[in-house]
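K.L.:
Just so it is clear, I am handing over entry_24.txt, which has compact mmCIF, C-alpha atoms.
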```
# COMPACT_ATOMS: atom_id res chain seq x y z
CA MET A 3 -39.65 -3.40 -43.15
CA LYS A 4 -37.52 -0.92 -45.11
CA ARG A 5 -38.47 1.78 -42.61
CA LEU A 6 -37.57 -0.46 -39.71
CA ILE A 7 -34.15 -1.26 -41.22
CA PHE A 8 -33.56 2.42 -41.95
CA PHE A 9 -34.57 3.31 -38.41
CA LEU A 10 -32.26 0.71 -36.88
CA LEU A 11 -29.38 1.84 -39.09
CA ALA A 12 -29.99 5.48 -38.23
CA MET A 13 -30.13 4.67 -34.52
CA SER A 14 -26.90 2.70 -34.70
CA VAL A 15 -25.13 5.62 -36.43
CA VAL A 16 -26.46 8.05 -33.83
CA SER A 17 -25.49 5.86 -30.90
CA TYR A 18 -22.05 5.27 -32.48
CA GLY A 19 -21.56 9.00 -32.63
CA TRP A 20 -22.73 9.49 -29.07
CA ALA A 21 -20.81 6.54 -27.74
CA GLN A 22 -18.38 7.38 -24.97
CA CYS A 23 -14.82 6.70 -25.92
CA ASP A 24 -13.27 4.12 -23.62
CA GLY A 25 -9.68 4.80 -24.61
CA MET A 26 -8.19 3.13 -21.54
CA GLY A 27 -10.35 0.08 -22.22
CA LYS A 28 -9.00 -0.07 -25.77
CA ALA A 29 -5.46 0.34 -24.42
CA LYS A 30 -5.90 -2.85 -22.41
CA GLY A 31 -6.09 -4.77 -25.67
CA CYS A 32 -3.05 -2.96 -26.94
CA ALA A 33 -0.40 -4.17 -24.50
CA PRO A 34 2.82 -5.63 -25.90
CA LYS A 35 2.57 -9.39 -26.35
CA PRO A 36 4.18 -11.30 -23.45
CA ASP A 37 6.66 -13.05 -25.75
CA SER A 38 7.74 -9.75 -27.39
CA GLY A 39 10.20 -8.98 -24.59
CA TYR A 40 8.56 -5.60 -23.95
CA THR A 41 7.12 -4.75 -20.54
CA LEU A 42 4.07 -2.50 -20.43
CA ILE A 43 4.73 0.78 -18.62
CA LYS A 44 2.11 3.29 -19.78
CA SER A 45 -1.35 3.33 -21.27
CA PHE A 46 -2.97 6.33 -22.90
CA ALA A 47 -6.53 7.08 -23.95
CA VAL A 48 -6.81 8.67 -27.39
CA ASN A 49 -10.17 10.40 -27.37
CA GLY A 50 -10.83 12.62 -30.36
CA ASP A 51 -14.28 13.45 -28.98
CA ASN A 52 -16.03 12.29 -32.16
CA GLY A 53 -13.81 14.46 -34.36
CA LYS A 54 -14.01 17.65 -32.30
CA LYS A 55 -10.35 17.31 -31.39
CA ASP A 56 -7.77 16.88 -34.10
CA LYS A 57 -4.80 16.26 -31.83
CA ILE A 58 -4.22 14.50 -28.49
CA GLU A 59 -0.84 14.89 -26.86
CA TYR A 60 1.02 13.27 -23.98
CA SER A 61 4.63 13.47 -22.92
CA TYR A 62 6.98 10.92 -21.44
CA VAL A 63 10.59 10.78 -20.30
CA PHE A 64 12.38 8.31 -22.55
CA THR A 65 15.68 6.92 -21.29
CA LYS A 66 18.86 6.24 -23.18
CA GLY A 67 19.64 2.54 -23.53
CA THR A 68 15.96 1.57 -23.57
CA LYS A 69 13.91 0.48 -26.56
CA TYR A 70 10.28 1.58 -26.51
CA LEU A 71 7.33 0.17 -28.40
CA LEU A 72 4.43 2.55 -29.02
CA ASN A 73 1.29 0.64 -29.96
CA VAL A 74 -2.00 2.07 -31.21
CA CYS A 75 -5.27 0.09 -31.18
CA ALA A 76 -8.77 1.22 -32.08
CA ASP A 77 -10.74 -1.92 -32.87
CA GLY A 78 -8.65 -4.98 -32.20
CA GLU A 79 -5.37 -4.44 -34.00
CA SER A 80 -6.82 -1.81 -36.35
CA THR A 81 -5.59 1.75 -35.87
CA ASP A 82 -8.75 3.31 -37.41
CA GLY A 83 -6.65 6.06 -38.91
CA VAL A 84 -4.99 7.08 -35.65
CA VAL A 85 -1.46 8.31 -36.34
CA VAL A 86 1.18 8.50 -33.61
CA THR A 87 4.05 10.96 -34.02
CA LEU A 88 6.99 11.34 -31.68
CA TYR A 89 8.77 14.66 -31.11
CA ASP A 90 11.77 15.45 -28.96
CA LYS A 91 11.78 18.28 -26.41
CA TYR A 92 12.71 20.81 -29.09
CA ARG A 93 9.82 19.64 -31.25
CA ASN A 94 12.01 17.90 -33.77
CA GLN A 95 10.01 15.06 -35.30
CA VAL A 96 11.66 11.79 -34.34
CA ALA A 97 9.17 9.35 -35.87
CA THR A 98 5.68 9.03 -37.27
CA SER A 99 3.58 5.94 -37.84
CA LEU A 100 2.17 7.43 -41.06
CA LEU A 101 3.91 5.69 -43.93
CA ASN A 102 2.83 6.09 -47.56
CA GLY A 103 -0.44 7.62 -46.39
CA LYS A 104 -1.33 4.78 -44.04
CA PRO A 105 -0.80 4.58 -40.28
CA LEU A 106 1.17 1.63 -39.00
CA LYS A 107 0.13 -0.02 -35.74
CA ALA A 108 3.40 0.51 -33.87
CA ILE A 109 6.68 2.38 -33.65
CA ALA A 110 9.78 0.80 -32.10
CA TYR A 111 12.08 3.49 -30.77
CA PRO A 112 15.53 2.65 -29.42
CA CYS A 113 16.31 5.73 -27.34
CA SER A 114 19.86 7.05 -27.47
CA ALA A 115 19.12 10.46 -25.94
CA THR A 116 17.30 10.83 -22.63
CA GLY A 117 14.71 13.59 -22.40
CA ILE A 118 11.09 14.59 -22.51
CA TYR A 119 9.40 13.41 -25.69
CA TYR A 120 5.98 14.45 -26.94
CA ILE A 121 3.68 11.69 -28.16
CA THR A 122 1.07 13.17 -30.46
CA TYR A 123 -1.99 11.37 -31.82
CA THR A 124 -3.78 12.69 -34.89
CA PHE A 125 -6.54 11.28 -37.07
CA LYS A 126 -6.42 10.40 -40.76
CA GLU A 127 -9.78 9.31 -42.15
CA SER A 128 -10.76 7.95 -38.76
CA LYS A 129 -14.30 6.76 -38.18
CA GLY A 130 -14.43 6.46 -34.41
CA TYR A 131 -11.83 9.04 -33.28
CA CYS A 132 -11.23 6.74 -30.34
CA ALA A 133 -8.28 4.51 -29.59
CA GLY A 134 -5.96 3.26 -26.89
CA SER A 135 -2.23 3.36 -26.94
CA THR A 136 0.50 1.78 -24.85
CA ILE A 137 4.22 2.09 -24.28
CA GLY A 138 6.28 -1.01 -23.64
CA PHE A 139 9.98 -1.03 -22.87
CA LYS A 140 12.93 -3.38 -22.96
CA ARG A 141 16.65 -3.06 -22.58
CA HIS A 142 18.43 -1.87 -25.72
CA THR A 143 22.07 -2.71 -26.25
CA MET B 25 -2.53 34.80 -13.52
CA LYS B 26 -4.11 34.84 -16.94
CA SER B 27 -0.69 34.76 -18.50
CA PHE B 28 0.14 31.69 -16.43
CA LEU B 29 -3.00 29.93 -17.54
CA SER B 30 -2.41 30.86 -21.15
CA LEU B 31 1.14 29.65 -21.02
CA PHE B 32 0.07 26.44 -19.33
CA MET B 33 -2.48 25.71 -22.00
CA ALA B 34 -0.09 26.69 -24.72
CA THR B 35 2.74 24.54 -23.49
CA ILE B 36 0.71 21.47 -22.84
CA LEU B 37 -1.58 21.51 -25.83
CA PHE B 38 -0.09 23.58 -28.59
CA ALA B 39 3.59 23.87 -27.80
CA CYS B 40 6.01 24.44 -30.61
CA GLY B 41 9.67 25.22 -31.13
CA GLY B 42 11.94 27.29 -28.95
CA GLY B 43 15.21 26.90 -27.11
CA LYS B 44 13.76 25.85 -23.76
CA SER B 45 11.56 22.83 -23.35
CA ASN B 46 7.88 23.40 -22.66
CA ILE B 47 8.17 21.91 -19.21
CA ASP B 48 11.03 24.30 -18.42
CA GLN B 49 8.95 27.26 -19.56
CA LEU B 50 6.07 26.10 -17.42
CA THR B 51 8.33 25.70 -14.38
CA ASP B 52 9.63 29.23 -14.81
CA SER B 53 6.10 30.49 -15.16
CA ILE B 54 4.81 28.79 -12.01
CA ALA B 55 7.84 29.93 -10.01
CA SER B 56 6.99 33.52 -10.82
CA VAL B 57 3.40 33.29 -9.65
CA ASP B 58 2.56 33.91 -5.97
CA GLU B 59 -1.22 34.01 -6.22
CA ALA B 60 -3.52 31.02 -5.82
CA LEU B 61 -3.32 28.85 -8.90
CA PRO B 62 -6.33 28.65 -11.18
CA GLU B 63 -8.26 25.46 -11.61
CA ILE B 64 -6.42 23.40 -14.18
CA SER B 65 -8.34 21.06 -16.41
CA GLN B 66 -8.30 17.37 -15.66
CA GLU B 67 -6.94 16.72 -19.15
CA ASN B 68 -3.88 18.89 -18.59
CA ILE B 69 -3.13 17.41 -15.20
CA GLU B 70 -3.48 13.94 -16.68
CA SER B 71 -1.00 14.86 -19.38
CA ILE B 72 1.69 15.86 -16.87
CA LEU B 73 0.94 12.87 -14.63
CA ALA B 74 1.42 10.59 -17.63
CA SER B 75 4.89 12.02 -18.23
CA ILE B 76 6.31 10.55 -15.01
CA PRO B 77 8.19 7.37 -15.93
CA ALA B 78 7.25 4.08 -14.35
CA PRO B 79 9.67 3.27 -11.46
CA LEU B 80 9.92 -0.19 -12.98
CA GLU B 81 12.21 1.22 -15.67
CA LEU B 82 14.83 2.41 -13.20
CA SER B 83 14.61 -0.82 -11.21
CA THR B 84 15.09 -2.81 -14.42
CA HIS B 85 18.18 -0.77 -15.31
CA ILE B 86 19.60 -1.54 -11.87
CA LYS B 87 19.05 -5.27 -12.25
CA ASP B 88 20.41 -5.23 -15.81
CA ALA B 89 23.55 -3.49 -14.50
CA GLY B 90 24.27 -6.70 -12.57
CA ILE B 91 23.46 -5.24 -9.15
CA ALA B 92 22.46 -7.88 -6.57
CA TYR B 93 19.08 -7.85 -4.82
CA ASP B 94 19.16 -5.94 -1.55
CA LYS B 95 16.07 -6.09 0.63
CA THR B 96 17.54 -3.63 3.13
CA LEU B 97 17.07 -0.86 0.57
CA LEU B 98 13.28 -1.24 0.73
CA ASN B 99 10.72 0.29 3.08
CA PRO B 100 9.95 -2.43 5.67
CA THR B 101 6.37 -3.64 5.39
CA ASP B 102 6.03 -3.31 9.18
CA ASN B 103 5.92 0.45 8.69
CA GLU B 104 2.56 0.18 6.94
CA SER B 105 0.60 0.68 10.18
CA ASN B 106 2.36 4.03 10.75
CA TYR B 107 0.56 5.69 7.86
CA THR B 108 -2.62 7.25 9.16
CA ASN B 109 -3.77 9.93 6.73
CA SER B 110 -4.58 9.75 3.04
CA ASN B 111 -1.50 11.73 1.97
CA THR B 112 1.01 9.49 3.75
CA LYS B 113 -0.93 6.43 2.63
CA ALA B 114 -0.78 7.56 -1.03
CA LEU B 115 2.92 8.42 -0.83
CA ASN B 116 3.78 5.10 0.78
CA LEU B 117 1.50 3.19 -1.57
CA GLY B 118 3.73 4.54 -4.34
CA ILE B 119 6.83 3.52 -2.36
CA TYR B 120 5.52 0.02 -1.70
CA GLY B 121 4.48 -0.26 -5.35
CA THR B 122 8.08 0.38 -6.41
CA ASP B 123 9.31 -2.11 -3.79
CA LEU B 124 6.82 -4.67 -5.09
CA GLY B 125 8.10 -4.19 -8.64
CA TYR B 126 11.70 -4.47 -7.42
CA THR B 127 11.08 -7.77 -5.61
CA ASN B 128 9.21 -9.11 -8.63
CA ILE B 129 11.96 -8.21 -11.10
CA TYR B 130 14.46 -10.08 -8.93
CA GLY B 131 12.06 -13.00 -8.45
CA HIS B 132 11.95 -12.86 -4.65
CA THR B 133 8.54 -14.41 -4.23
CA GLN B 134 8.03 -14.21 -0.46
CA ASP B 135 9.18 -10.60 -0.28
CA GLY B 136 6.92 -9.87 -3.25
CA LEU B 137 3.93 -11.36 -1.43
CA ASN B 138 4.72 -9.32 1.69
CA TYR B 139 4.84 -6.09 -0.33
CA LEU B 140 1.68 -7.10 -2.15
CA SER B 141 -0.08 -7.39 1.23
CA ALA B 142 1.15 -3.93 2.22
CA VAL B 143 -0.05 -2.52 -1.10
CA GLN B 144 -3.42 -4.20 -0.64
CA LYS B 145 -3.82 -2.82 2.88
CA LEU B 146 -3.03 0.77 1.87
CA SER B 147 -5.23 0.46 -1.24
CA ASP B 148 -8.15 -0.74 0.89
CA ASP B 149 -7.58 2.11 3.36
CA LEU B 150 -7.70 4.61 0.50
CA GLY B 151 -10.88 3.03 -0.86
CA ILE B 152 -9.26 1.83 -4.06
CA GLY B 153 -8.78 -1.83 -3.19
CA GLN B 154 -11.17 -2.81 -5.96
CA PHE B 155 -8.60 -1.72 -8.56
CA LEU B 156 -6.02 -4.17 -7.27
CA ASP B 157 -6.42 -7.67 -8.68
CA PHE B 158 -4.83 -9.21 -5.59
CA GLN B 159 -5.56 -12.84 -6.47
CA SER B 160 -4.13 -12.62 -10.02
CA ILE B 161 -1.00 -10.81 -8.83
CA LYS B 162 -0.54 -13.33 -6.01
CA ARG B 163 -0.94 -16.25 -8.44
CA LEU B 164 1.53 -14.74 -10.91
CA THR B 165 4.00 -13.87 -8.13
CA ASN B 166 4.05 -17.54 -7.16
CA ASN B 167 4.73 -18.58 -10.75
CA SER B 168 8.24 -17.49 -11.72
CA ASN B 169 7.59 -18.16 -15.42
CA ASN B 170 5.09 -15.33 -15.70
CA LEU B 171 7.19 -12.26 -14.92
CA ASP B 172 6.00 -10.34 -18.00
CA SER B 173 2.35 -10.96 -17.14
CA LEU B 174 2.97 -10.12 -13.49
CA LEU B 175 4.62 -6.80 -14.30
CA MET B 176 1.91 -6.00 -16.84
CA ILE B 177 -1.02 -6.65 -14.53
CA THR B 178 0.65 -4.86 -11.61
CA ASN B 179 1.35 -1.86 -13.79
CA GLN B 180 -2.19 -1.85 -15.19
CA ASN B 181 -3.61 -1.99 -11.65
CA PHE B 182 -1.58 1.05 -10.61
CA GLU B 183 -2.68 2.85 -13.78
CA ASN B 184 -6.30 2.06 -12.90
CA ILE B 185 -5.75 3.55 -9.44
CA ASN B 186 -4.29 6.68 -11.03
CA GLN B 187 -7.20 6.98 -13.43
CA HIS B 188 -9.66 6.58 -10.57
CA PHE B 189 -8.02 9.37 -8.57
CA ILE B 190 -8.10 11.65 -11.61
CA LYS B 191 -11.76 10.90 -12.37
CA GLN B 192 -12.69 11.53 -8.73
CA ASN B 193 -10.91 14.91 -8.79
CA GLN B 194 -8.31 13.50 -6.43
CA ALA B 195 -5.34 14.02 -8.76
CA SER B 196 -3.34 15.28 -5.76
CA LEU B 197 -3.37 11.69 -4.47
CA SER B 198 -2.24 10.52 -7.90
CA THR B 199 0.60 13.03 -7.70
CA LEU B 200 1.61 11.70 -4.29
CA LEU B 201 1.39 8.11 -5.49
CA LEU B 202 3.72 8.86 -8.41
CA THR B 203 6.05 11.00 -6.28
CA GLY B 204 6.41 8.22 -3.71
CA GLY B 205 7.06 5.62 -6.39
CA TRP B 206 9.65 7.77 -8.12
CA LEU B 207 11.39 8.76 -4.89
CA GLU B 208 11.77 5.11 -3.87
CA ALA B 209 13.28 4.20 -7.25
CA LEU B 210 15.63 7.18 -6.92
CA HIS B 211 16.60 6.06 -3.40
CA ILE B 212 17.43 2.54 -4.64
CA ALA B 213 19.39 3.96 -7.59
CA ASN B 214 21.32 6.30 -5.26
CA GLN B 215 22.31 3.57 -2.85
CA VAL B 216 23.55 1.19 -5.55
CA THR B 217 25.41 4.00 -7.33
CA LEU B 218 27.18 5.03 -4.10
CA LYS B 219 28.62 1.51 -3.97
CA GLN B 220 29.58 1.56 -7.67
CA MET B 221 30.69 5.12 -8.35
CA GLN B 222 32.67 3.99 -11.40
CA ASN B 223 29.55 2.64 -13.13
CA GLU B 224 28.94 5.29 -15.80
CA GLU B 225 25.55 3.93 -16.80
CA LEU B 226 24.21 4.11 -13.25
CA ARG B 227 25.59 7.63 -12.83
CA GLU B 228 23.89 8.70 -16.02
CA ARG B 229 20.52 7.15 -15.04
CA LEU B 230 20.76 8.97 -11.72
CA GLY B 231 21.57 12.34 -13.29
CA GLU B 232 18.70 11.98 -15.76
CA GLN B 233 16.23 11.99 -12.88
CA LYS B 234 16.62 15.76 -12.86
CA ILE B 235 14.18 15.83 -15.78
CA VAL B 236 11.57 13.83 -13.85
CA LEU B 237 12.03 15.98 -10.75
CA ASP B 238 11.14 19.09 -12.77
CA ASN B 239 7.79 17.52 -13.70
CA ILE B 240 7.07 16.36 -10.16
CA ILE B 241 7.68 19.89 -8.88
CA ILE B 242 5.19 21.22 -11.43
CA LEU B 243 2.55 18.79 -10.20
CA LEU B 244 3.17 19.50 -6.51
CA GLN B 245 2.96 23.23 -7.16
CA LEU B 246 -0.56 22.75 -8.47
CA TYR B 247 -1.71 21.48 -5.04
CA SER B 248 0.68 23.16 -2.60
CA ASN B 249 -1.74 26.01 -1.87
CA GLN B 250 -4.52 23.61 -0.94
CA ASP B 251 -2.63 21.25 1.31
CA SER B 252 0.11 22.03 3.84
CA ASN B 253 1.51 18.49 3.63
CA ILE B 254 1.98 18.88 -0.11
CA ALA B 255 3.51 22.33 0.47
CA ASN B 256 6.06 20.72 2.79
CA LEU B 257 6.78 17.99 0.28
CA LEU B 258 7.28 20.68 -2.36
CA LYS B 259 9.86 22.36 -0.12
CA ASP B 260 11.64 19.01 0.12
CA MET B 261 11.60 18.68 -3.65
CA HIS B 262 13.12 22.14 -3.97
CA LEU B 263 15.96 20.95 -1.72
CA LEU B 264 16.40 18.03 -4.07
CA GLU B 265 16.29 20.44 -6.99
CA ASN B 266 19.24 22.27 -5.43
CA ALA B 267 21.11 19.00 -5.07
CA PHE B 268 20.56 18.34 -8.79
CA ALA B 269 21.37 21.93 -9.79
CA ALA B 270 24.91 21.25 -11.00
CA VAL B 271 23.92 18.17 -13.01
CA ASP B 272 24.08 18.94 -16.71
CA ILE B 273 22.22 17.02 -19.41
CA ASN B 274 23.49 17.74 -22.88
CA TYR B 275 21.28 16.78 -25.84
CA THR B 276 22.22 16.68 -29.50
CA TYR B 277 19.58 16.10 -32.15
CA GLU B 278 20.24 14.23 -35.37
CA GLU B 279 17.59 13.20 -37.83
CA SER B 280 16.59 9.56 -37.47
CA THR B 281 15.94 7.01 -40.20
CA SER B 282 13.47 4.12 -40.19
CA LYS B 283 12.43 0.85 -41.78
CA VAL B 284 9.32 -1.32 -41.50
CA VAL B 285 9.72 -4.75 -39.91
CA ASP B 286 6.60 -6.95 -39.56
CA GLY B 287 4.28 -3.97 -39.68
CA VAL B 288 6.26 -2.08 -37.04
CA LEU B 289 8.19 1.06 -37.86
CA GLU B 290 11.70 0.48 -36.50
CA ILE B 291 13.49 3.77 -35.86
CA VAL B 292 17.24 4.10 -36.22
CA ASN B 293 17.94 6.87 -33.76
CA LYS B 294 21.04 9.03 -34.03
CA SER B 295 20.40 11.72 -31.42
CA THR B 296 22.57 11.57 -28.32
CA SER B 297 22.57 12.82 -24.74
CA HIS B 298 25.30 13.06 -22.15
CA VAL B 299 25.02 13.61 -18.41
CA THR B 300 27.69 15.43 -16.42
CA ILE B 301 27.46 14.51 -12.74
CA THR B 302 30.23 14.60 -10.12
CA ASP B 303 30.78 12.31 -7.13
CA GLU B 304 29.84 15.26 -4.91
CA ASP B 305 26.56 15.70 -6.81
CA ILE B 306 25.72 12.04 -6.28
CA GLN B 307 26.51 12.23 -2.59
CA GLN B 308 24.44 15.37 -2.14
CA ILE B 309 21.49 13.93 -4.06
CA ALA B 310 21.68 10.72 -2.02
CA ASN B 311 21.82 12.60 1.30
CA THR B 312 18.84 14.77 0.38
CA VAL B 313 16.76 11.82 -0.82
CA GLU B 314 17.49 9.93 2.41
CA GLN B 315 16.34 12.88 4.53
CA ILE B 316 13.10 13.21 2.57
CA ARG B 317 12.43 9.48 2.37
CA ASN B 318 13.07 8.93 6.08
CA ARG B 319 10.46 11.56 6.90
CA ILE B 320 7.95 9.91 4.58
CA ILE B 321 8.38 6.28 5.61
CA SER B 322 8.82 6.73 9.37
```
Do you think you could lay out the structure here as structure tokens?

P.N.:
Amino acid sequence: MKRLIFFLLAMSVVSYGWAQCDGMGKAKGCAPKPDSGYTLIKSFAVNGDNGKKDKIEYSYVFTKGTKYLLNVCADGESTDGVVVTLYDKYRNQVATSLLNGKPLKAIAYPCSATGIYYITYTFKESKGYCAGSTIGFKRHT
Amino acid sequence: MKSFLSLFMATILFACGGGKSNIDQLTDSIASVDEALPEISQENIESILASIPAPLELSTHIKDAGIAYDKTLLNPTDNESNYTNSNTKALNLGIYGTDLGYTNIYGHTQDGLNYLSAVQKLSDDLGIGQFLDFQSIKRLTNNSNNLDSLLMITNQNFENINQHFIKQNQASLSTLLLTGGWLEALHIANQVTLKQMQNEELRERLGEQKIVLDNIIILLQLYSNQDSNIANLLKDMHLLENAFAAVDINYTYEESTSKVVDGVLEIVNKSTSHVTITDEDIQQIANTVEQIRNRIIS
């Protein structure tokens, strides 16, 4: 019985490691809540390829007068150690979800300067290296 | 060619510092290369595709500026039968997608349903009809209390279509879909700005599209050697680039502060940007967009 349990545990670890990352699937559960006032505009897959990649990066044109919500979801509302950091076009860090060593689930960014921004995802003690992320927007006055 | 590839990889994946933005550096690099472009990884293409803003944002700005609904600005759904090849279908699917979002934002149900039918037809023709949840969108369009859900599901459907094109190594169609969608939003923004030239916010939103155009040109350049239709569209976008040439976007960085509210990091942003755009610039941009759009939708 012990062998069987060990075998099943070992198999589950192996299959977890081999599991394909469905980042876009995870992003679907990461959309802004309908009553939040944010409208979903972008979804991103965050696939760390089981730890082989330490950084995933996208870019997006943020517009002045708009407030953006960047959400990160790994399992349900958990971030599983996925950190999102926002940089402007000159690579100045604008925001990071890592606060006191722990990643928060979302960043709300009221944009006052239009331009290309880089959205970088890194991993801090992540187990799955797989998450989804979304951007929602609403008018900012 | 190797230097191009290296720069491409460097700018997209490991970019850091410098006076010019990474996208600007990449544009310069591509412009200097005459040879056939190397095969670019799916991941890198996806990254640039993702940078194109959703047309819904521009349409929302227009509505929020108090501009009235104007159906005459949209591509008539009757035109749908004119589109016979996959490139024109993808471009006009993007255009109709923007029109669908526009009608939905303004709550014009019947127009929304008509554009939904046009979107469905083009999607079916392109073999991607399965990614469009027609029944859910139709149900939500008929229920005016569900705008957020309607916009979300419509947007997710278009993202699914984009993802499918990318996975099937048809990212050129994704590029055309996004280009069409963006061009239609730009056309609507142009036409409303021409009637309200004193509206500073509209002028600024219009001028800012220069940034998006730069990215669209990068994407079209990736496929222009493989497809004469895309090469022609690229020429059109270079004309538009000329129209935007005098538009200046000034950016000033200031360090932001933040606070946590209900588990969300709320940023207090202090950076600023300012767009300088003249009436002549707006007129020239509008004229160029109309020429390009008329060729695409006719």

K.L.:
Around (15.8, -2.2, -27.5), as given in the file, which residues come within 6 Å? Count only C-alpha atoms and list them as a ChimeraX atom specification.

P.N.:
/A:68-69,112,140-142

K.L.:
Compute the chain B side of the contact with chain A at 8 Å, counting only C-alpha atoms, and hand it back as a ChimeraX atom specification.

P.N.:
/B:36-37,40-46,71-72,74-78,80-81,85,172-173,175-176,179,183,229,232,235-236,275-277,279-280,287-298

K.L.:
What is the distance between atom CA of Asn223 of chain B and atom CA of Ile301 of chain B, in Å to one decimal?

P.N.:
12.1 Å

K.L.:
Just to confirm, what's the straight-line distance from atom CA of Leu202 of chain B to atom CA of Ser168 of chain B in Å (one decimal)?

P.N.:
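Between these atoms lies a distance of 26.9 Å.
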
K.L.:
What residues have an atom no more than 12 Å from (-6.0, 7.5, -14.2) in the file's own frame, counting all atoms listed in the file, and can you write them as a ChimeraX atom specification?

P.N.:
/A:25-27,44-47 /B:66-67,69-74,155,179-199,201-202

K.L.:
Please list as a list in words every residue within 7 Å of segment 308-317 of chain B, counting only C-alpha atoms and excluding residues in the same chain fewer than 5 positions away.

P.N.:
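Surrounding residues, per the criterion: His211, Asn214, Asp260, Leu264, Ala267 and Phe268 of chain B.
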
K.L.:
Could you tell me how far atom CA of Ile321 of chain B lies from atom CA of Asp135 of chain B, in Å and to one decimal?

P.N.:
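Computing the Euclidean distance for atom CA of Ile321 of chain B and atom CA of Asp135 of chain B yields 17.9 Å.
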
K.L.:
Which residue is closest to Asn170 of chain B? Choose from B:Asn128, B:Asn116, B:Gln134, B:Ser282 and count all atoms listed in the file.

P.N.:
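Using all atoms listed in the file, the shortest distance to Asn170 of chain B belongs to B:Asn128.
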
K.L.:
Write out as a ChimeraX atom specification which residues come within 12 Å of Thr124 of chain A when counting only C-alpha atoms, dropping same-chain ones fewer than 3 positions away.

P.N.:
/A:48-50,53-60,74,81-88,98-100,105,121,127-128,131-133
